[in-house]
>>> print(open('data05.csv').read())   # CSV, C-alpha atoms
chain,number,residue,atom,x,y,z
Q,1,MET,CA,229.6,259.7,78.9
Q,2,ALA,CA,230.5,256.1,78.0
Q,3,GLN,CA,228.7,254.0,75.5
Q,4,ALA,CA,225.9,251.9,77.1
Q,5,VAL,CA,222.7,250.2,76.3
Q,6,GLN,CA,219.8,252.7,76.7
Q,7,VAL,CA,216.7,251.7,78.6
Q,8,SER,CA,214.2,254.5,79.4
Q,9,GLY,CA,211.9,252.2,81.3
Q,10,LEU,CA,208.1,252.5,81.3
Q,11,VAL,CA,206.9,255.6,79.6
Q,12,THR,CA,203.7,257.3,80.7
Q,13,VAL,CA,202.3,259.3,77.8
Q,14,LYS,CA,200.6,262.5,79.1
Q,15,ILE,CA,199.0,265.5,77.4
Q,16,THR,CA,197.8,268.9,78.3
Q,17,VAL,CA,195.3,270.6,76.0
Q,18,PRO,CA,194.9,274.4,76.0
Q,19,GLY,CA,193.2,275.5,79.2
Q,20,GLY,CA,193.4,272.0,80.7
Q,21,SER,CA,195.4,270.2,83.2
Q,22,ILE,CA,197.9,267.4,82.5
Q,23,GLN,CA,196.2,264.0,81.8
Q,24,THR,CA,197.5,260.5,81.2
Q,25,LEU,CA,196.7,259.6,77.6
Q,26,GLY,CA,197.4,255.9,77.7
Q,27,GLU,CA,199.9,253.0,77.6
Q,28,GLN,CA,201.9,252.1,74.6
Q,29,SER,CA,201.9,248.6,73.1
Q,30,ASP,CA,205.7,248.8,72.6
Q,31,MET,CA,207.7,252.1,72.4
Q,32,THR,CA,207.2,255.7,71.3
Q,33,GLU,CA,209.1,256.6,68.2
Q,34,ILE,CA,210.6,260.1,68.0
Q,35,ARG,CA,211.9,261.5,64.8
Q,36,GLU,CA,213.7,264.8,64.9
Q,37,GLN,CA,213.5,266.6,61.5
Q,38,ALA,CA,215.6,269.5,60.5
Q,39,PHE,CA,214.8,271.9,57.7
Q,40,PHE,CA,217.4,273.4,55.3
Q,41,HIS,CA,217.6,275.8,52.4
Q,42,ASN,CA,220.1,275.6,49.6
Q,43,VAL,CA,222.0,278.8,48.6
Q,44,PRO,CA,222.7,278.6,44.9
Q,45,GLY,CA,225.8,280.2,43.4
Q,46,ASP,CA,227.0,280.8,39.8
Q,47,ARG,CA,230.3,279.1,40.6
Q,48,ASN,CA,228.4,275.8,40.9
Q,49,GLY,CA,226.1,276.5,37.9
Q,50,GLY,CA,223.4,278.6,39.6
Q,51,PRO,CA,220.1,277.1,40.9
Q,52,GLN,CA,220.5,274.0,38.6
Q,53,GLY,CA,223.8,273.0,40.3
Q,54,PRO,CA,224.8,272.0,43.8
Q,55,PRO,CA,224.5,274.7,46.5
Q,56,ILE,CA,227.5,276.8,47.5
Q,57,GLU,CA,226.1,276.9,51.1
Q,58,VAL,CA,223.3,275.4,53.1
Q,59,GLN,CA,221.2,277.3,55.6
Q,60,TRP,CA,219.6,275.6,58.7
Q,61,LEU,CA,216.0,276.8,59.1
Q,62,GLY,CA,215.0,275.0,62.3
Q,63,SER,CA,213.6,271.7,63.5
Q,64,ILE,CA,210.4,269.9,64.4
Q,65,ALA,CA,209.9,266.5,66.1
Q,66,ILE,CA,207.4,263.8,65.1
Q,67,ILE,CA,206.3,261.6,67.9
Q,68,ARG,CA,204.3,258.4,67.2
Q,69,CYS,CA,202.5,256.6,70.0
Q,70,ASP,CA,200.9,253.2,69.4
Q,71,LEU,CA,198.6,252.6,72.3
Q,72,SER,CA,197.1,249.3,73.6
Q,73,SER,CA,195.1,251.1,76.3
Q,74,TRP,CA,194.0,254.7,76.6
Q,75,ASP,CA,191.5,257.1,78.2
Q,76,ALA,CA,188.8,257.6,75.7
Q,77,THR,CA,187.9,261.0,77.1
Q,78,VAL,CA,191.5,262.2,76.8
Q,79,VAL,CA,191.7,260.9,73.2
Q,80,ASP,CA,188.4,262.7,72.4
Q,81,SER,CA,190.1,266.0,73.2
Q,82,LEU,CA,192.9,265.1,70.7
Q,83,ARG,CA,190.3,264.1,68.1
Q,84,LYS,CA,188.8,267.6,68.3
Q,85,ARG,CA,192.3,269.0,67.4
Q,86,ALA,CA,192.2,271.5,70.3
Q,87,VAL,CA,189.5,273.6,68.7
Q,88,ASN,CA,186.2,274.5,70.2
Q,89,ALA,CA,183.9,272.0,68.6
Q,90,THR,CA,181.7,269.1,69.4
Q,91,LEU,CA,183.4,265.8,68.5
Q,92,GLY,CA,182.7,265.0,64.9
Q,93,THR,CA,181.3,268.5,64.1
Q,94,THR,CA,183.2,271.5,62.7
Q,95,ILE,CA,182.1,274.9,63.7
Q,96,GLN,CA,182.5,277.4,60.8
Q,97,THR,CA,184.1,280.0,63.1
Q,98,GLU,CA,186.9,277.6,64.0
Q,99,VAL,CA,188.0,277.0,60.3
Q,100,GLY,CA,191.3,278.9,59.8
Q,101,LYS,CA,192.2,278.9,63.4
Q,102,LEU,CA,196.0,279.2,64.1
Q,103,MET,CA,197.2,276.1,65.9
Q,104,LEU,CA,200.6,276.7,67.5
Q,105,ASP,CA,200.5,279.8,69.7
Q,106,SER,CA,197.3,279.4,71.7
Q,107,ASN,CA,196.2,275.9,70.6
Q,108,GLY,CA,199.4,273.8,70.9
Q,109,ILE,CA,199.1,270.6,72.9
Q,110,ARG,CA,201.7,269.7,75.5
Q,111,LEU,CA,203.1,266.2,75.2
Q,112,THR,CA,205.1,264.6,78.0
Q,113,LEU,CA,206.9,261.3,77.8
Q,114,ASP,CA,207.4,260.7,81.5
Q,115,CYS,CA,210.0,258.0,82.3
Q,116,ALA,CA,212.8,257.4,84.8
Q,117,THR,CA,215.6,258.0,82.4
Q,118,ARG,CA,215.7,261.1,80.2
Q,119,PRO,CA,212.0,262.1,80.1
Q,120,LEU,CA,210.9,264.4,77.3
Q,121,ASN,CA,208.5,267.3,77.3
Q,122,PHE,CA,207.2,268.9,74.0
Q,123,PRO,CA,205.4,272.1,75.0
Q,124,CYS,CA,203.8,272.8,71.6
Q,125,CYS,CA,202.4,270.0,69.5
Q,126,ILE,CA,199.6,269.5,67.0
Q,127,VAL,CA,197.9,266.3,65.8
Q,128,ARG,CA,198.1,266.8,62.1
Q,129,GLU,CA,198.1,263.2,60.9
Q,130,PRO,CA,195.2,260.9,61.0
Q,131,ILE,CA,194.4,259.2,64.4
Q,132,GLN,CA,194.0,255.5,63.7
Q,133,TYR,CA,192.1,253.0,65.8
Q,134,GLY,CA,190.5,249.6,65.4
Q,135,LYS,CA,187.1,248.2,66.3
Q,136,GLY,CA,186.4,244.5,66.7
Q,137,THR,CA,186.1,241.5,69.0
Q,138,LYS,CA,189.9,241.6,69.8
Q,139,PHE,CA,191.4,244.4,71.9
Q,140,SER,CA,191.7,247.7,70.0
Q,141,THR,CA,194.9,249.7,69.3
Q,142,MET,CA,195.3,253.3,68.6
Q,143,ALA,CA,198.0,255.2,66.8
Q,144,VAL,CA,198.4,259.0,67.2
Q,145,GLU,CA,201.2,261.1,65.8
Q,146,PHE,CA,202.2,264.4,67.4
Q,147,GLU,CA,204.1,267.1,65.4
Q,148,ALA,CA,206.1,269.2,67.8
Q,149,HIS,CA,207.1,272.8,67.1
Q,150,LYS,CA,209.1,275.3,69.1
Q,151,LYS,CA,206.8,277.2,71.3
Q,152,PRO,CA,206.0,280.6,69.7
Q,153,SER,CA,205.5,282.8,72.8
Q,154,GLY,CA,204.9,282.8,76.5
Q,155,ALA,CA,206.5,280.4,79.0
Q,156,LYS,CA,208.9,278.1,77.2
Q,157,ALA,CA,209.0,280.3,74.1
Q,158,GLY,CA,211.6,278.9,71.6
Q,159,VAL,CA,211.6,275.5,73.2
Q,160,LEU,CA,211.1,272.4,71.0
Q,161,PHE,CA,211.6,270.0,73.8
Q,162,ASP,CA,213.1,269.8,77.3
Q,163,THR,CA,213.0,267.4,80.3
Q,164,ASP,CA,210.3,269.2,82.4
Q,165,THR,CA,207.7,266.7,83.5
Q,166,ALA,CA,206.1,268.9,86.2
>>> encode(input="data05.csv", output="structure tokens")
Amino acid sequence: MAQAVQVSGLVTVKITVPGGSIQTLGEQSDMTEIREQAFFHNVPGDRNGGPQGPPIEVQWLGSIAIIRCDLSSWDATVVDSLRKRAVNATLGTTIQTEVGKLMLDSNGIRLTLDCATRPLNFPCCIVREPIQYGKGTKFSTMAVEFEAHKKPSGAKAGVLFDTDTA
């Protein structure tokens, strides 16, 4: 493919919480930032001084993606489901039986960045970082960051992201 200016067009940010249907989260104030992060492990060797020296080889351990959405309009009900972190709780209240719940396999949130050119679907995300929003006389903004992992099991097992928007 030839070098070209890349324009995805309007991106509709959609989520699906466990047991729910796909819902539109909101509209971004500018663009979604996606950061693909790989993990590596150094293999030490005596020929390079052991663990104190540079590695003799490097192992790839997998990848995650960090997706940041800065929203200027959003559906408050859909955001509330994110604020609960996909656990069975009343917003703002922690149920003791939910503490320690595993998040990826049965509680991962699906994030879809639906656009005309090269859409992205992340089938297993968690909202680990703080959700930020403003309150005041001017319009509010909200920032939410998704951490995408490869899906552990079931449909799409092993998938970090694909282009499925259905």
>>> atom_distance(input="data05.csv", atom1="atom CA of Q:Gln6", atom2="atom CA of Q:Asn121")
18.5 Å
>>> atom_distance(input="data05.csv", atom1="atom CA of Q:Phe40", atom2="atom CA of Q:Phe146")
21.4 Å
>>> closest_atom_pairs(input="data05.csv", of="stretch 71-138 of chain Q", to="stretch 23-28 of chain Q", cutoff="12 Å", atoms="only C-alpha atoms", output="JSON lines")
{"residue": "Q:Leu71", "atom": "CA", "partner": "Q:Gln28", "partner_atom": "CA", "distance": 4.1}
{"residue": "Q:Ser72", "atom": "CA", "partner": "Q:Gln28", "partner_atom": "CA", "distance": 5.6}
{"residue": "Q:Ser73", "atom": "CA", "partner": "Q:Glu27", "partner_atom": "CA", "distance": 5.3}
{"residue": "Q:Trp74", "atom": "CA", "partner": "Q:Gly26", "partner_atom": "CA", "distance": 3.8}
{"residue": "Q:Asp75", "atom": "CA", "partner": "Q:Leu25", "partner_atom": "CA", "distance": 5.8}
{"residue": "Q:Ala76", "atom": "CA", "partner": "Q:Leu25", "partner_atom": "CA", "distance": 8.4}
{"residue": "Q:Thr77", "atom": "CA", "partner": "Q:Leu25", "partner_atom": "CA", "distance": 8.9}
{"residue": "Q:Val78", "atom": "CA", "partner": "Q:Leu25", "partner_atom": "CA", "distance": 5.9}
{"residue": "Q:Val79", "atom": "CA", "partner": "Q:Leu25", "partner_atom": "CA", "distance": 6.8}
{"residue": "Q:Asp80", "atom": "CA", "partner": "Q:Leu25", "partner_atom": "CA", "distance": 10.3}
{"residue": "Q:Ser81", "atom": "CA", "partner": "Q:Leu25", "partner_atom": "CA", "distance": 10.2}
{"residue": "Q:Leu82", "atom": "CA", "partner": "Q:Leu25", "partner_atom": "CA", "distance": 9.6}
{"residue": "Q:Ile109", "atom": "CA", "partner": "Q:Gln23", "partner_atom": "CA", "distance": 11.5}
{"residue": "Q:Arg110", "atom": "CA", "partner": "Q:Gln23", "partner_atom": "CA", "distance": 10.1}
{"residue": "Q:Leu111", "atom": "CA", "partner": "Q:Leu25", "partner_atom": "CA", "distance": 9.5}
{"residue": "Q:Thr112", "atom": "CA", "partner": "Q:Thr24", "partner_atom": "CA", "distance": 9.2}
{"residue": "Q:Leu113", "atom": "CA", "partner": "Q:Thr24", "partner_atom": "CA", "distance": 10.0}
{"residue": "Q:Asp114", "atom": "CA", "partner": "Q:Thr24", "partner_atom": "CA", "distance": 9.9}
>>> residues_around(input="data05.csv", residues="Q:Gly45", least_positions_apart="3", cutoff="7 Å", atoms="all atoms listed in the file", output="list of chain:residue names")
Q:Asn48, Q:Gly49, Q:Gly50, Q:Pro51, Q:Pro55, Q:Ile56
>>> write_last_selection(input="data05.csv", atoms="C-alpha atoms", output="short mmCIF file (atom, residue, chain, number, x, y, z; two decimals), in the coordinates of the input")
data_model
loop_
_atom_site.label_atom_id
_atom_site.label_comp_id
_atom_site.auth_asym_id
_atom_site.auth_seq_id
_atom_site.Cartn_x
_atom_site.Cartn_y
_atom_site.Cartn_z
CA ASN Q 48 228.40 275.80 40.90
CA GLY Q 49 226.10 276.50 37.90
CA GLY Q 50 223.40 278.60 39.60
CA PRO Q 51 220.10 277.10 40.90
CA PRO Q 55 224.50 274.70 46.50
CA ILE Q 56 227.50 276.80 47.50
#
>>> atom_distance(input="data05.csv", atom1="atom CA of Q:Met142", atom2="atom CA of Q:Ser21")
22.3 Å
>>> closest_residue(input="data05.csv", among="Q:Ser29, Q:Phe161, Q:Gly92, Q:Val5", to="Q:Ser140", atoms="all atoms listed in the file")
Q:Ser29
>>> residues_around(input="data05.csv", residues="Q:Pro152", least_positions_apart="5", cutoff="10 Å", atoms="only C-alpha atoms", output="JSON, numbers by chain")
{"Q": [104, 105, 106, 108, 124, 157, 158, 159, 160]}
>>> closest_residue(input="data05.csv", among="Q:Ile131, Q:Ala2, Q:Gly53, Q:Thr163", to="Q:Ala116", atoms="all atoms listed in the file")
Q:Thr163
>>> closest_residue(input="data05.csv", among="Q:Lys135, Q:Lys14, Q:Lys156, Q:Lys84", to="Q:Asn107", atoms="all atoms listed in the file")
Q:Lys84
>>> residues_around(input="data05.csv", residues="Q:Ile66", least_positions_apart="4", cutoff="6 Å", atoms="all atoms listed in the file", output="NGL selection string")
:Q and (34-35 or 146-147)
>>> closest_residue(input="data05.csv", among="Q:Ala166, Q:Cys115, Q:Arg85, Q:Ile64", to="Q:Lys101", atoms="all atoms listed in the file")
Q:Arg85
>>> closest_residue(input="data05.csv", among="Q:Ala143, Q:Leu102, Q:Ala38, Q:Val7", to="Q:Ala65", atoms="only C-alpha atoms")
Q:Ala38
>>> closest_residue(input="data05.csv", among="Q:Cys69, Q:Val99, Q:Leu120, Q:Val11", to="Q:Tyr133", atoms="all atoms listed in the file")
Q:Cys69
